[in-house]
Amino acid sequence: MALFFKIIPEYQRVIRFKFGRYDGQPRGPGFVWMVPFMHKPRVVDLREDVVELKPQKCITKDNAPVTIDLIVFMRVVNPESSVMQVADYRYAAESIGVTTLRSVIGDISLDDVLAQRERINRIMQEKLDEVTERWGVKINAVEIREILPPVEIQTAMSRQMSAERGRRAVVTEAEGTREAAVTIADGNRQAAVLNAQGQKEATILEAEAKRQAAVLNAEGFALALQRVFETASGIDDKTMSLQYIDMMKALGSGPASKWIIPMELTTFVQNVARTFAAAAQPGAAPAVAAARVARPPSAAPPPAAPGGPS
């Protein structure tokens, strides 16, 4: 019975030919009826397969030779087409991959080949998938494993990289110097602004203190004048007459030889006369004494302007 049955695993399918004619559909998984000399099977693996292309020497758009190592990941999605449409789909995919790689690299410059691997992988996958689709094969991914330019190009690239590193070092140093100078200038500017603000605030505070002192002095002077006015408004004519007499005594005892007599001398004499007349009357002495006692100390007579000897 083992000669008439074949066990097919889940990841495989059998394309069975009966007397050389395809019998209509893939077989599997499980038991598949096989009759010797009547059925001829072709087993197809449905798992993802990896095709490693040999390192290929390609010419770039700017005529630079490079060697590229490529890997192709593919999977059979239609077992019938993979057997009926192509003799060996793996060899066919490998061959079309080589020609497609050379065609793609020929349209790209050397710098882009070295810098744009993802772009090359994507283009290769799209072009290969268009061709292998009719074989029932799906290209899942294409990856460039290695790119080797010629030795002279590698030497030139090394010199270029060294020069680029030197340029970056010079640029970085210049930028650092510039940023340091800008930082120092900004710090000096901020310090000058802070000093100016401090001087301004100090000047304002000093002016405010002087203004408040002037206001307080003026208020004190006004209060003193008000007190003098209040005290002077309560003094009668008799008290004023006594003040005039004290003033005349002070003038007489002074060393000045010139006196300045007030304009109201007549009124003063009349007031003095009335004062003496009132004092001559009985009981007037106590009133005069009381007037002397009531005279405030702050109401001292103004001193006469002394004159020098003529």
# chains A, B, ... in the order shown; residues from 1 in each chain; ligands from 1
$ select_by_dssp --residues "stretch 45-254 of chain A" --states "strand (DSSP E or B)" --output "ChimeraX atom specification"
/A:45,49-52,56-59,65-76,137-148
$ residues_around --residues "stretch 97-113 of chain A" --least-positions-apart "6" --cutoff "7 Å" --atoms "only C-alpha atoms" --output "PyMOL selection string"
chain A and resi 58-62+64+124+128
$ write_last_selection --atoms "N, CA and C atoms" --output "PDB file, in the first residue's frame"
ATOM      1  N   CYS A  58      29.105  45.633 -11.304  1.00  0.00           N
ATOM      2  CA  CYS A  58      28.216  46.512 -12.064  1.00  0.00           C
ATOM      3  C   CYS A  58      28.915  47.845 -12.335  1.00  0.00           C
ATOM      4  N   ILE A  59      28.432  48.535 -13.355  1.00  0.00           N
ATOM      5  CA  ILE A  59      28.960  49.848 -13.729  1.00  0.00           C
ATOM      6  C   ILE A  59      27.896  50.897 -13.422  1.00  0.00           C
ATOM      7  N   THR A  60      28.270  51.897 -12.649  1.00  0.00           N
ATOM      8  CA  THR A  60      27.321  52.941 -12.272  1.00  0.00           C
ATOM      9  C   THR A  60      27.134  53.943 -13.409  1.00  0.00           C
ATOM     10  N   LYS A  61      26.267  54.900 -13.186  1.00  0.00           N
ATOM     11  CA  LYS A  61      25.965  55.908 -14.196  1.00  0.00           C
ATOM     12  C   LYS A  61      27.173  56.767 -14.520  1.00  0.00           C
ATOM     13  N   ASP A  62      28.051  57.008 -13.539  1.00  0.00           N
ATOM     14  CA  ASP A  62      29.266  57.793 -13.767  1.00  0.00           C
ATOM     15  C   ASP A  62      30.476  56.900 -14.040  1.00  0.00           C
ATOM     16  N   ALA A  64      31.707  54.103 -12.775  1.00  0.00           N
ATOM     17  CA  ALA A  64      32.515  53.597 -11.670  1.00  0.00           C
ATOM     18  C   ALA A  64      32.143  52.137 -11.421  1.00  0.00           C
ATOM     19  N   MET A 124      14.485  47.112  -6.975  1.00  0.00           N
ATOM     20  CA  MET A 124      14.739  45.712  -7.332  1.00  0.00           C
ATOM     21  C   MET A 124      13.536  44.832  -7.006  1.00  0.00           C
ATOM     22  N   LEU A 128      11.549  42.799  -9.971  1.00  0.00           N
ATOM     23  CA  LEU A 128      11.547  41.338  -9.935  1.00  0.00           C
ATOM     24  C   LEU A 128      10.146  40.788  -9.739  1.00  0.00           C
TER      25      LEU A 128
END
$ closest_residue --among "A:Asp69, A:Asp49, A:Glu80, A:Glu94" --to "A:Gly24" --atoms "only C-alpha atoms"
A:Glu80
$ residues_around --residues "stretch 143-159 of chain A" --least-positions-apart "5" --cutoff "8 Å" --atoms "only C-alpha atoms" --output "NGL selection string"
:A and (64-72 or 114 or 117 or 121)
$ write_last_selection --atoms "C-alpha atoms" --output "PDB file, in the first residue's frame"
ATOM      1  CA  ALA A  64      32.515  53.597 -11.670  1.00  0.00           C
ATOM      2  CA  PRO A  65      32.763  49.803 -11.211  1.00  0.00           C
ATOM      3  CA  VAL A  66      31.265  48.387  -8.005  1.00  0.00           C
ATOM      4  CA  THR A  67      30.742  44.856  -6.733  1.00  0.00           C
ATOM      5  CA  ILE A  68      27.348  44.173  -5.150  1.00  0.00           C
ATOM      6  CA  ASP A  69      26.216  41.170  -3.126  1.00  0.00           C
ATOM      7  CA  LEU A  70      22.420  40.662  -3.168  1.00  0.00           C
ATOM      8  CA  ILE A  71      19.887  38.417  -1.369  1.00  0.00           C
ATOM      9  CA  VAL A  72      16.326  37.773  -2.647  1.00  0.00           C
ATOM     10  CA  LEU A 114      26.539  54.028  -1.642  1.00  0.00           C
ATOM     11  CA  ARG A 117      20.458  51.251  -0.443  1.00  0.00           C
ATOM     12  CA  ASN A 121      16.161  47.487  -2.665  1.00  0.00           C
TER      13      ASN A 121
END
$ atom_distance --atom1 "atom CA of A:Met74" --atom2 "atom CA of A:Asp129"
9.2 Å
$ residues_around --residues "A:Glu133" --least-positions-apart "5" --cutoff "12 Å" --atoms "only C-alpha atoms" --output "count of residues only"
19
$ atom_distance --atom1 "atom CA of A:Ala115" --atom2 "atom CA of A:Thr132"
27.8 Å
$ atom_distance --atom1 "atom CA of A:Val137" --atom2 "atom CA of A:Phe5"
28.2 Å
